[in-house]
>>> print(open('query.pdb').read())   # PDB, C-alpha atoms
ATOM      1  CA  MET A   1      75.728 111.396  30.968
ATOM      2  CA  LEU A   2      78.194 109.155  32.718
ATOM      3  CA  LEU A   3      79.091 110.195  36.217
ATOM      4  CA  TRP A   4      81.836 108.531  38.170
ATOM      5  CA  THR A   5      81.861 110.149  41.556
ATOM      6  CA  ILE A   6      81.655 109.222  45.209
ATOM      7  CA  MET A   7      79.061 111.945  45.770
ATOM      8  CA  PRO A   8      75.476 110.685  45.794
ATOM      9  CA  GLU A   9      73.681 111.537  42.565
ATOM     10  CA  ASP A  10      70.811 113.375  44.277
ATOM     11  CA  ILE A  11      73.246 115.754  45.974
ATOM     12  CA  VAL A  12      75.240 116.406  42.824
ATOM     13  CA  LEU A  13      72.204 117.097  40.681
ATOM     14  CA  GLU A  14      70.081 118.919  43.274
ATOM     15  CA  GLY A  15      68.603 122.068  41.739
ATOM     16  CA  VAL A  16      69.770 121.224  38.244
ATOM     17  CA  GLU A  17      66.405 122.287  36.792
ATOM     18  CA  LYS A  18      66.782 125.848  38.113
ATOM     19  CA  THR A  19      67.321 128.275  35.288
ATOM     20  CA  ARG A  20      70.500 130.249  35.367
ATOM     21  CA  THR A  21      71.048 133.188  33.050
ATOM     22  CA  PHE A  22      74.195 133.461  31.053
ATOM     23  CA  ARG A  23      75.229 136.439  28.976
ATOM     24  CA  GLN A  24      78.015 137.112  26.553
ATOM     25  CA  VAL A  25      80.007 140.224  27.426
ATOM     26  CA  GLU A  26      83.192 141.924  26.406
ATOM     27  CA  TYR A  27      85.574 142.403  29.301
ATOM     28  CA  GLN A  28      89.193 143.550  28.994
ATOM     29  CA  ASN A  29      88.838 143.134  25.231
ATOM     30  CA  LYS A  30      87.996 139.468  25.662
ATOM     31  CA  ASN A  31      84.699 137.799  24.989
ATOM     32  CA  LEU A  32      83.377 136.032  28.032
ATOM     33  CA  ILE A  33      80.262 134.132  28.936
ATOM     34  CA  ILE A  34      79.230 135.171  32.401
ATOM     35  CA  GLU A  35      76.590 133.888  34.745
ATOM     36  CA  MET A  36      74.422 136.772  35.841
ATOM     37  CA  GLY A  37      74.200 137.466  39.540
ATOM     38  CA  GLU A  38      72.739 140.369  41.492
ATOM     39  CA  ASN A  39      73.599 144.094  41.435
ATOM     40  CA  GLY A  40      75.141 144.025  37.992
ATOM     41  CA  LYS A  41      77.676 141.482  39.009
ATOM     42  CA  GLY A  42      78.424 138.293  37.188
ATOM     43  CA  LYS A  43      80.727 135.345  37.435
ATOM     44  CA  VAL A  44      82.958 134.210  34.612
ATOM     45  CA  ALA A  45      81.622 130.932  33.212
ATOM     46  CA  GLN A  46      83.650 130.540  30.056
ATOM     47  CA  ILE A  47      86.243 132.365  27.989
ATOM     48  CA  LEU A  48      85.519 132.601  24.296
ATOM     49  CA  SER A  49      88.979 132.717  22.855
ATOM     50  CA  THR A  50      91.274 130.725  20.642
ATOM     51  CA  ASP A  51      94.387 132.150  22.292
ATOM     52  CA  PRO A  52      95.650 129.573  24.817
ATOM     53  CA  SER A  53      97.376 132.246  26.896
ATOM     54  CA  ASP A  54      93.974 133.762  27.779
ATOM     55  CA  PHE A  55      93.324 130.587  29.730
ATOM     56  CA  LEU A  56      96.331 131.267  31.956
ATOM     57  CA  ASP A  57      95.087 134.765  32.865
ATOM     58  CA  PRO A  58      94.127 134.797  36.580
ATOM     59  CA  ASP A  59      91.656 137.642  35.934
ATOM     60  CA  LEU A  60      89.582 135.453  33.670
ATOM     61  CA  ILE A  61      89.363 132.173  35.566
ATOM     62  CA  PRO A  62      85.859 130.700  35.826
ATOM     63  CA  GLY A  63      84.151 131.790  39.024
ATOM     64  CA  LYS A  64      85.859 135.174  39.077
ATOM     65  CA  GLU A  65      83.333 137.872  39.896
ATOM     66  CA  ILE A  66      83.199 140.857  37.553
ATOM     67  CA  SER A  67      81.043 143.983  37.479
ATOM     68  CA  ILE A  68      79.008 144.843  34.438
ATOM     69  CA  ASN A  69      76.388 147.504  33.891
TER      70      ASN A  69
ATOM     71  CA  MET B   1      77.730 143.972  24.210
ATOM     72  CA  GLU B   2      78.195 145.286  27.740
ATOM     73  CA  GLU B   3      81.109 147.394  28.889
ATOM     74  CA  PRO B   4      82.869 146.504  32.146
ATOM     75  CA  VAL B   5      82.558 149.039  34.929
ATOM     76  CA  ALA B   6      85.764 150.990  35.037
ATOM     77  CA  ARG B   7      87.160 150.696  38.530
ATOM     78  CA  PRO B   8      90.068 152.785  39.745
ATOM     79  CA  LYS B   9      93.250 150.854  39.228
ATOM     80  CA  LYS B  10      94.560 151.524  42.719
ATOM     81  CA  THR B  11      91.635 149.844  44.481
ATOM     82  CA  MET B  12      91.825 146.930  42.071
ATOM     83  CA  GLN B  13      95.425 146.353  43.050
ATOM     84  CA  GLY B  14      94.781 146.886  46.741
ATOM     85  CA  THR B  15      91.850 144.538  47.062
ATOM     86  CA  LYS B  16      92.863 141.971  44.471
ATOM     87  CA  LYS B  17      94.597 139.529  46.769
ATOM     88  CA  THR B  18      91.971 139.426  49.492
ATOM     89  CA  GLU B  19      89.186 139.518  46.895
ATOM     90  CA  ILE B  20      90.459 136.350  45.288
ATOM     91  CA  ILE B  21      90.752 134.630  48.647
ATOM     92  CA  THR B  22      87.264 135.619  49.816
ATOM     93  CA  GLU B  23      85.472 135.128  46.522
ATOM     94  CA  LEU B  24      87.109 132.007  45.241
ATOM     95  CA  GLY B  25      89.004 130.512  48.149
ATOM     96  CA  GLN B  26      92.071 130.716  45.954
ATOM     97  CA  THR B  27      95.267 132.562  46.544
ATOM     98  CA  GLN B  28      97.017 134.787  44.089
ATOM     99  CA  ILE B  29      99.862 133.348  42.051
ATOM    100  CA  PRO B  30     103.168 134.424  43.637
ATOM    101  CA  GLU B  31     104.809 137.392  41.924
ATOM    102  CA  GLY B  32     108.099 135.695  41.072
ATOM    103  CA  LYS B  33     107.929 133.909  37.730
ATOM    104  CA  SER B  34     107.809 130.174  38.155
ATOM    105  CA  ASN B  35     108.828 127.678  35.515
ATOM    106  CA  VAL B  36     106.154 125.300  36.798
ATOM    107  CA  HIS B  37     102.427 125.532  36.191
ATOM    108  CA  VAL B  38     100.093 124.234  38.887
ATOM    109  CA  LEU B  39      96.809 122.750  37.830
ATOM    110  CA  THR B  40      94.276 122.047  40.554
ATOM    111  CA  ILE B  41      91.557 119.484  39.977
ATOM    112  CA  VAL B  42      88.998 120.167  42.698
ATOM    113  CA  GLY B  43      85.424 119.241  43.515
ATOM    114  CA  GLN B  44      83.404 117.698  40.722
ATOM    115  CA  VAL B  45      84.892 117.259  37.288
ATOM    116  CA  GLU B  46      82.196 119.026  35.290
ATOM    117  CA  GLY B  47      81.047 117.410  32.081
ATOM    118  CA  HIS B  48      78.570 118.330  29.390
ATOM    119  CA  LEU B  49      76.018 119.453  31.942
ATOM    120  CA  VAL B  50      76.541 122.646  33.951
ATOM    121  CA  MET B  51      76.552 121.560  37.576
ATOM    122  CA  PRO B  52      74.175 123.211  40.036
ATOM    123  CA  PRO B  53      75.914 126.022  41.922
ATOM    124  CA  GLN B  54      76.357 124.119  45.202
ATOM    125  CA  ASN B  55      79.032 121.995  43.525
ATOM    126  CA  LYS B  56      82.615 123.083  43.329
ATOM    127  CA  THR B  57      83.674 122.194  39.854
ATOM    128  CA  THR B  58      86.634 121.767  37.551
ATOM    129  CA  LYS B  59      85.612 122.889  34.088
ATOM    130  CA  TYR B  60      87.066 121.007  31.153
ATOM    131  CA  GLU B  61      86.473 123.837  28.697
ATOM    132  CA  HIS B  62      88.904 125.877  30.762
ATOM    133  CA  ILE B  63      91.398 123.164  31.714
ATOM    134  CA  ILE B  64      91.899 121.800  28.183
ATOM    135  CA  PRO B  65      92.974 125.106  26.558
ATOM    136  CA  GLN B  66      95.027 125.786  29.682
ATOM    137  CA  LEU B  67      96.934 122.569  29.047
ATOM    138  CA  VAL B  68      97.433 123.650  25.432
ATOM    139  CA  ALA B  69      98.909 126.902  26.775
ATOM    140  CA  VAL B  70     101.176 124.925  29.113
ATOM    141  CA  GLU B  71     102.420 122.808  26.210
ATOM    142  CA  GLN B  72     102.999 125.817  24.001
ATOM    143  CA  ASN B  73     104.327 128.430  26.468
ATOM    144  CA  PRO B  74     108.151 128.313  26.427
ATOM    145  CA  GLU B  75     108.350 129.757  29.961
ATOM    146  CA  ILE B  76     106.558 126.767  31.462
ATOM    147  CA  GLU B  77     108.870 123.798  31.864
ATOM    148  CA  GLY B  78     106.780 121.461  33.943
ATOM    149  CA  LEU B  79     103.271 120.774  35.200
ATOM    150  CA  LEU B  80     102.208 119.928  38.736
ATOM    151  CA  VAL B  81      98.692 118.515  38.993
ATOM    152  CA  ILE B  82      97.131 118.742  42.443
ATOM    153  CA  LEU B  83      94.067 116.620  43.008
ATOM    154  CA  ASN B  84      91.382 116.901  45.615
ATOM    155  CA  THR B  85      88.381 115.697  43.721
ATOM    156  CA  VAL B  86      85.283 113.596  44.334
ATOM    157  CA  GLY B  87      85.113 112.474  40.711
ATOM    158  CA  GLY B  88      82.640 113.489  38.071
ATOM    159  CA  ASP B  89      82.033 113.174  34.363
ATOM    160  CA  VAL B  90      83.825 110.236  32.758
ATOM    161  CA  GLU B  91      84.341 111.819  29.332
ATOM    162  CA  ALA B  92      85.590 115.140  30.713
ATOM    163  CA  GLY B  93      87.858 113.390  33.218
ATOM    164  CA  LEU B  94      89.340 111.130  30.578
ATOM    165  CA  ALA B  95      89.839 114.127  28.262
ATOM    166  CA  ILE B  96      91.830 115.942  30.955
ATOM    167  CA  ALA B  97      93.779 112.753  31.755
ATOM    168  CA  GLU B  98      94.673 112.244  28.069
ATOM    169  CA  MET B  99      95.834 115.855  27.790
ATOM    170  CA  ILE B 100      98.104 115.438  30.823
ATOM    171  CA  ARG B 101      99.417 112.093  29.559
ATOM    172  CA  THR B 102     100.316 113.433  26.122
ATOM    173  CA  LEU B 103     102.018 116.619  27.324
ATOM    174  CA  SER B 104     105.640 116.776  26.163
ATOM    175  CA  LYS B 105     106.708 118.592  29.335
ATOM    176  CA  PRO B 106     107.401 116.711  32.587
ATOM    177  CA  THR B 107     104.292 116.200  34.708
ATOM    178  CA  VAL B 108     103.915 115.234  38.356
ATOM    179  CA  SER B 109     100.646 114.651  40.167
ATOM    180  CA  LEU B 110      99.930 114.920  43.864
ATOM    181  CA  VAL B 111      96.791 113.496  45.424
ATOM    182  CA  LEU B 112      95.850 115.427  48.564
ATOM    183  CA  GLY B 113      92.753 114.725  50.565
ATOM    184  CA  GLY B 114      90.994 112.680  47.945
ATOM    185  CA  GLY B 115      91.387 111.611  44.359
ATOM    186  CA  HIS B 116      88.270 109.547  43.910
ATOM    187  CA  SER B 117      86.632 107.822  40.951
ATOM    188  CA  ILE B 118      87.544 109.738  37.781
ATOM    189  CA  GLY B 119      90.315 111.381  39.832
ATOM    190  CA  VAL B 120      92.167 108.062  39.609
ATOM    191  CA  PRO B 121      92.887 108.199  35.824
ATOM    192  CA  ILE B 122      93.787 111.893  36.139
ATOM    193  CA  GLY B 123      96.184 111.059  38.986
ATOM    194  CA  VAL B 124      97.951 108.267  37.127
ATOM    195  CA  ALA B 125      98.194 110.253  33.859
ATOM    196  CA  ALA B 126     101.229 112.217  35.053
ATOM    197  CA  ASP B 127     104.804 110.997  34.486
ATOM    198  CA  TYR B 128     105.207 110.512  38.215
ATOM    199  CA  SER B 129     102.480 110.419  40.842
ATOM    200  CA  PHE B 130     102.440 111.110  44.557
ATOM    201  CA  ILE B 131      99.824 110.595  47.224
ATOM    202  CA  ALA B 132      99.799 112.250  50.631
ATOM    203  CA  HIS B 133      99.921 109.943  53.685
ATOM    204  CA  SER B 134      96.362 110.761  54.649
ATOM    205  CA  ALA B 135      94.907 111.040  51.140
ATOM    206  CA  THR B 136      92.422 108.500  49.847
ATOM    207  CA  MET B 137      91.331 107.216  46.489
ATOM    208  CA  THR B 138      88.006 105.451  45.997
ATOM    209  CA  ILE B 139      87.782 102.855  43.268
ATOM    210  CA  HIS B 140      84.210 101.848  42.474
ATOM    211  CA  PRO B 141      82.103 101.028  39.404
ATOM    212  CA  ILE B 142      80.798 103.748  37.096
ATOM    213  CA  ARG B 143      77.204 104.867  37.530
ATOM    214  CA  LEU B 144      74.942 105.889  34.713
ATOM    215  CA  THR B 145      72.654 108.853  35.313
ATOM    216  CA  GLY B 146      69.451 109.687  33.541
ATOM    217  CA  LEU B 147      67.362 107.181  31.638
ATOM    218  CA  VAL B 148      68.648 103.657  31.916
ATOM    219  CA  ILE B 149      66.892 100.996  29.927
ATOM    220  CA  GLY B 150      67.496  97.768  31.743
ATOM    221  CA  VAL B 151      68.488  95.625  28.831
ATOM    222  CA  GLN B 152      71.633  93.763  27.843
ATOM    223  CA  GLN B 153      72.696  96.672  25.586
ATOM    224  CA  SER B 154      72.753  99.222  28.393
ATOM    225  CA  PHE B 155      74.762  96.824  30.509
ATOM    226  CA  ASP B 156      77.203  96.281  27.631
ATOM    227  CA  TYR B 157      77.517 100.035  27.129
ATOM    228  CA  LEU B 158      78.282 100.604  30.786
ATOM    229  CA  GLU B 159      80.837  97.808  30.740
ATOM    230  CA  LYS B 160      82.504  99.353  27.696
ATOM    231  CA  MET B 161      82.791 102.703  29.480
ATOM    232  CA  GLN B 162      84.149 100.906  32.518
ATOM    233  CA  ASP B 163      86.781  99.199  30.354
ATOM    234  CA  ARG B 164      87.875 102.568  28.971
ATOM    235  CA  VAL B 165      88.828 103.855  32.402
ATOM    236  CA  ILE B 166      90.280 100.527  33.522
ATOM    237  CA  ASN B 167      92.495 100.370  30.427
ATOM    238  CA  PHE B 168      93.658 103.922  30.959
ATOM    239  CA  ILE B 169      94.540 103.292  34.605
ATOM    240  CA  VAL B 170      96.304  99.982  33.842
ATOM    241  CA  ASP B 171      98.282 101.522  30.941
ATOM    242  CA  ASN B 172      99.471 104.450  33.026
ATOM    243  CA  SER B 173     100.227 102.837  36.372
ATOM    244  CA  LYS B 174     101.759  99.630  37.691
ATOM    245  CA  ILE B 175      98.500  98.151  38.930
ATOM    246  CA  ASP B 176      97.417  94.751  37.647
ATOM    247  CA  GLU B 177      94.137  94.746  35.738
ATOM    248  CA  ASN B 178      92.629  91.866  37.710
ATOM    249  CA  GLU B 179      93.588  93.512  40.979
ATOM    250  CA  LEU B 180      91.918  96.767  39.885
ATOM    251  CA  ARG B 181      88.738  94.938  38.869
ATOM    252  CA  ARG B 182      88.738  93.100  42.191
ATOM    253  CA  LEU B 183      89.081  96.349  44.166
ATOM    254  CA  MET B 184      86.315  97.902  42.101
ATOM    255  CA  THR B 185      83.790  95.200  42.907
ATOM    256  CA  THR B 186      84.671  94.514  46.535
ATOM    257  CA  SER B 187      81.697  94.687  48.843
ATOM    258  CA  GLY B 188      81.702  95.574  52.514
ATOM    259  CA  GLU B 189      84.186  98.440  52.257
ATOM    260  CA  LEU B 190      81.810 101.228  51.294
ATOM    261  CA  ALA B 191      78.508 101.862  53.019
ATOM    262  CA  ARG B 192      76.330 102.715  50.029
ATOM    263  CA  ASP B 193      78.322 101.253  47.193
ATOM    264  CA  ILE B 194      80.659  98.503  46.172
ATOM    265  CA  GLY B 195      84.309  99.330  45.739
ATOM    266  CA  THR B 196      87.401 100.033  47.817
ATOM    267  CA  VAL B 197      88.971 103.035  49.497
ATOM    268  CA  VAL B 198      92.749 103.000  49.291
ATOM    269  CA  VAL B 199      94.656 105.230  51.697
ATOM    270  CA  GLY B 200      98.124 106.738  51.099
ATOM    271  CA  LYS B 201     100.676 103.966  51.120
ATOM    272  CA  ASP B 202      98.124 101.296  50.134
ATOM    273  CA  ALA B 203      97.723 103.097  46.790
ATOM    274  CA  VAL B 204     101.484 102.784  46.332
ATOM    275  CA  LYS B 205     101.499  99.132  47.443
ATOM    276  CA  ILE B 206      98.961  98.125  44.787
ATOM    277  CA  GLY B 207     100.922 100.037  42.132
ATOM    278  CA  LEU B 208      98.330 102.689  41.464
ATOM    279  CA  ILE B 209     100.498 105.603  42.570
ATOM    280  CA  ASP B 210     104.307 105.805  42.362
ATOM    281  CA  ALA B 211     105.160 107.126  45.829
ATOM    282  CA  VAL B 212     103.886 108.564  49.094
ATOM    283  CA  GLY B 213     104.860 112.191  49.474
ATOM    284  CA  GLY B 214     103.862 115.799  49.735
ATOM    285  CA  VAL B 215     104.586 119.065  48.035
ATOM    286  CA  LYS B 216     108.323 118.832  48.799
ATOM    287  CA  GLU B 217     108.706 115.478  47.047
ATOM    288  CA  ALA B 218     106.448 116.520  44.179
ATOM    289  CA  ILE B 219     108.386 119.701  43.421
ATOM    290  CA  SER B 220     111.802 118.070  43.744
ATOM    291  CA  THR B 221     110.739 115.221  41.422
ATOM    292  CA  LEU B 222     109.369 117.706  38.926
ATOM    293  CA  ASN B 223     112.622 119.702  39.038
ATOM    294  CA  ARG B 224     114.595 116.490  38.532
ATOM    295  CA  LEU B 225     112.457 115.506  35.527
ATOM    296  CA  ILE B 226     112.863 119.008  34.046
ATOM    297  CA  GLU B 227     116.631 118.782  34.533
ATOM    298  CA  GLU B 228     116.793 115.312  32.974
ATOM    299  CA  LYS B 229     114.825 116.524  29.985
ATOM    300  CA  LYS B 230     117.149 119.480  29.526
ATOM    301  CA  GLN B 231     120.185 117.205  29.690
ATOM    302  CA  ALA B 232     118.668 114.733  27.238
ATOM    303  CA  LYS B 233     118.247 117.662  24.865
ATOM    304  CA  GLY B 234     121.857 118.700  25.425
ATOM    305  CA  VAL B 235     120.973 121.998  27.100
ATOM    306  CA  HIS B 236     122.925 122.733  30.256
TER     307      HIS B 236
END
>>> encode(input="query.pdb", output="structure tokens")
Amino acid sequence: MLLWTIMPEDIVLEGVEKTRTFRQVEYQNKNLIIEMGENGKGKVAQILSTDPSDFLDPDLIPGKEISIN
Amino acid sequence: MEEPVARPKKTMQGTKKTEIITELGQTQIPEGKSNVHVLTIVGQVEGHLVMPPQNKTTKYEHIIPQLVAVEQNPEIEGLLVILNTVGGDVEAGLAIAEMIRTLSKPTVSLVLGGGHSIGVPIGVAADYSFIAHSATMTIHPIRLTGLVIGVQQSFDYLEKMQDRVINFIVDNSKIDENELRRLMTTSGELARDIGTVVVGKDAVKIGLIDAVGGVKEAISTLNRLIEEKKQAKGVH
């Protein structure tokens, strides 16, 4: 991987080995990959869609916290 | 497949604005329809490796389709790119920069705070670029992470990657190639690295960025470019 950043490499990549769990869910009729957090909450990691307008939806931006059960 | 928890609509609406601010540090898009789309490039430009959670990242798998939507959506007439980035993945950054460069709609970029490293090609990719008075851009050589075999081939590879970004910057700004290479390899400017930090009007002086300005200048330039495009098309 080529990194071109002013941030020191050790800071950028600190904790990169930690495993993070991702799950595919259906939310508002859209398929999303979410990163699992605590208490049934997850954060949007990626939208699985071929419709470009889904990527303009503020409810689906990466980092947005959603509840799943 | 998991079902989302159904939350009462009223609470959703009531808490939405503050929720977005507290959770993401982002504010809700204003209600009135705008003909301009704002794209923020913040933190690290994330590449093929998911960054550890302490990094704020700009994800290319989200930005690229978003730019497709901007190109295709008839309601969007222009794109404003706001940069405050520390750099990141070369391939992902160049991909975003190429998308911005090849957009048919008018594009204006504004560097606020910092537009470092791979932020430089993204900044110059727009039709017209602005930098805030106090904003900085760091130009320094590319670093290779992971396994580096210290042979001529790995040096050649790195140089090739370096040339890719240099060519992109030179093609899309007024900076001279030799000047850019000189700034990139200057020593004594950065504490832990070689390279140069250019601040506000210095970035304009060397031809990297078109003008010093803020949000006012950026929006008025974008509106002017949109108007010019409409007139060129014969739409009044």
>>> resolve_selection(input="query.pdb", expression="the PyMOL selection byres ((chain A) within 7 of (chain B))", output="JSON, numbers by chain")
{"A": [1, 2, 3, 4, 5, 6, 7, 12, 13, 14, 15, 16, 25, 26, 27, 52, 53, 55, 56, 63, 67, 68, 69]}
>>> write_last_selection(input="query.pdb", atoms="C-alpha atoms", output="PDB file, in the frame of the given file")
ATOM      1  CA  MET A   1      75.728 111.396  30.968  1.00  0.00           C
ATOM      2  CA  LEU A   2      78.194 109.155  32.718  1.00  0.00           C
ATOM      3  CA  LEU A   3      79.091 110.195  36.217  1.00  0.00           C
ATOM      4  CA  TRP A   4      81.836 108.531  38.170  1.00  0.00           C
ATOM      5  CA  THR A   5      81.861 110.149  41.556  1.00  0.00           C
ATOM      6  CA  ILE A   6      81.655 109.222  45.209  1.00  0.00           C
ATOM      7  CA  MET A   7      79.061 111.945  45.770  1.00  0.00           C
ATOM      8  CA  VAL A  12      75.240 116.406  42.824  1.00  0.00           C
ATOM      9  CA  LEU A  13      72.204 117.097  40.681  1.00  0.00           C
ATOM     10  CA  GLU A  14      70.081 118.919  43.274  1.00  0.00           C
ATOM     11  CA  GLY A  15      68.603 122.068  41.739  1.00  0.00           C
ATOM     12  CA  VAL A  16      69.770 121.224  38.244  1.00  0.00           C
ATOM     13  CA  VAL A  25      80.007 140.224  27.426  1.00  0.00           C
ATOM     14  CA  GLU A  26      83.192 141.924  26.406  1.00  0.00           C
ATOM     15  CA  TYR A  27      85.574 142.403  29.301  1.00  0.00           C
ATOM     16  CA  PRO A  52      95.650 129.573  24.817  1.00  0.00           C
ATOM     17  CA  SER A  53      97.376 132.246  26.896  1.00  0.00           C
ATOM     18  CA  PHE A  55      93.324 130.587  29.730  1.00  0.00           C
ATOM     19  CA  LEU A  56      96.331 131.267  31.956  1.00  0.00           C
ATOM     20  CA  GLY A  63      84.151 131.790  39.024  1.00  0.00           C
ATOM     21  CA  SER A  67      81.043 143.983  37.479  1.00  0.00           C
ATOM     22  CA  ILE A  68      79.008 144.843  34.438  1.00  0.00           C
ATOM     23  CA  ASN A  69      76.388 147.504  33.891  1.00  0.00           C
TER      24      ASN A  69
END
>>> resolve_selection(input="query.pdb", expression="the PyMOL selection byres ((chain B and resi 167-170) around 12)", output="PyMOL selection string")
chain B and resi 90+93-95+97-98+101+117-126+139+159-166+171-181+206-209
>>> residues_around(input="query.pdb", residues="Lys201 of chain B", least_positions_apart="3", cutoff="12 Å", atoms="all atoms listed in the file", output="list of chain:residue names")
B:Val111, B:Phe130, B:Ile131, B:Ala132, B:His133, B:Ser134, B:Ala135, B:Thr136, B:Met137, B:Val197, B:Val198, B:Val204, B:Lys205, B:Ile206, B:Gly207, B:Leu208, B:Ile209, B:Asp210, B:Ala211, B:Val212, B:Gly213
>>> atom_distance(input="query.pdb", atom1="atom CA of Val44 of chain A", atom2="atom CA of Pro62 of chain A")
4.7 Å
>>> atom_distance(input="query.pdb", atom1="atom CA of Met184 of chain B", atom2="atom CA of Ser109 of chain B")
22.1 Å
>>> resolve_selection(input="query.pdb", expression="the PyMOL selection byres ((chain B and resi 221) around 10)", output="ChimeraX atom specification")
/B:106-108,128-130,215-220,222-227
>>> residues_around(input="query.pdb", residues="Ala45 of chain A", least_positions_apart="5", cutoff="9 Å", atoms="all atoms listed in the file", output="list in words")
Phe22, Leu32, Ile33, Ile34, Glu35, Ile61, Pro62, Gly63 and Lys64 of chain A
>>> axis_aligned_box(input="query.pdb", around="segment 39-51 of chain A", padding_each_side="6 Å", output="lines of an AutoDock Vina configuration file")
center_x = 84.0
center_y = 137.3
center_z = 31.0
size_x = 32.8
size_y = 25.6
size_z = 32.8
>>> decode(input="query.pdb", residues="segment 194-209 of chain B", atoms="N, CA and C atoms", output="mmCIF file, in the first residue's frame")
data_model
loop_
_atom_site.group_PDB
_atom_site.id
_atom_site.type_symbol
_atom_site.label_atom_id
_atom_site.label_comp_id
_atom_site.auth_asym_id
_atom_site.auth_seq_id
_atom_site.Cartn_x
_atom_site.Cartn_y
_atom_site.Cartn_z
ATOM 1 N N ILE B 194 11.515 15.284 4.605
ATOM 2 C CA ILE B 194 11.910 16.321 3.674
ATOM 3 C C ILE B 194 10.652 16.774 2.938
ATOM 4 N N GLY B 195 10.687 17.995 2.467
ATOM 5 C CA GLY B 195 9.505 18.541 1.808
ATOM 6 C C GLY B 195 9.302 19.983 2.215
ATOM 7 N N THR B 196 8.179 20.561 1.804
ATOM 8 C CA THR B 196 7.901 21.967 2.073
ATOM 9 C C THR B 196 6.449 22.147 2.491
ATOM 10 N N VAL B 197 6.229 23.083 3.404
ATOM 11 C CA VAL B 197 4.869 23.468 3.758
ATOM 12 C C VAL B 197 4.593 24.800 3.065
ATOM 13 N N VAL B 198 3.567 24.851 2.250
ATOM 14 C CA VAL B 198 3.208 26.133 1.647
ATOM 15 C C VAL B 198 1.929 26.650 2.298
ATOM 16 N N VAL B 199 1.962 27.924 2.686
ATOM 17 C CA VAL B 199 0.836 28.527 3.392
ATOM 18 C C VAL B 199 0.101 29.479 2.449
ATOM 19 N N GLY B 200 -1.228 29.418 2.476
ATOM 20 C CA GLY B 200 -2.119 30.346 1.773
ATOM 21 C C GLY B 200 -1.577 30.940 0.501
ATOM 22 N N LYS B 201 -1.141 32.209 0.589
ATOM 23 C CA LYS B 201 -0.790 32.903 -0.654
ATOM 24 C C LYS B 201 0.478 32.361 -1.320
ATOM 25 N N ASP B 202 1.318 31.655 -0.565
ATOM 26 C CA ASP B 202 2.505 31.037 -1.176
ATOM 27 C C ASP B 202 2.098 29.955 -2.175
ATOM 28 N N ALA B 203 1.004 29.246 -1.858
ATOM 29 C CA ALA B 203 0.497 28.198 -2.758
ATOM 30 C C ALA B 203 0.025 28.820 -4.069
ATOM 31 N N VAL B 204 -0.501 30.044 -3.968
ATOM 32 C CA VAL B 204 -0.955 30.757 -5.165
ATOM 33 C C VAL B 204 0.260 31.269 -5.940
ATOM 34 N N LYS B 205 1.254 31.786 -5.199
ATOM 35 C CA LYS B 205 2.454 32.342 -5.824
ATOM 36 C C LYS B 205 3.189 31.307 -6.673
ATOM 37 N N ILE B 206 3.269 30.070 -6.178
ATOM 38 C CA ILE B 206 3.979 29.033 -6.934
ATOM 39 C C ILE B 206 3.096 28.391 -8.012
ATOM 40 N N GLY B 207 1.841 28.824 -8.088
ATOM 41 C CA GLY B 207 0.963 28.346 -9.165
ATOM 42 C C GLY B 207 0.230 27.060 -8.865
ATOM 43 N N LEU B 208 0.306 26.630 -7.611
ATOM 44 C CA LEU B 208 -0.358 25.378 -7.254
ATOM 45 C C LEU B 208 -1.872 25.566 -7.187
ATOM 46 N N ILE B 209 -2.267 26.667 -6.569
ATOM 47 C CA ILE B 209 -3.678 26.979 -6.345
ATOM 48 C C ILE B 209 -3.984 28.273 -7.087
#
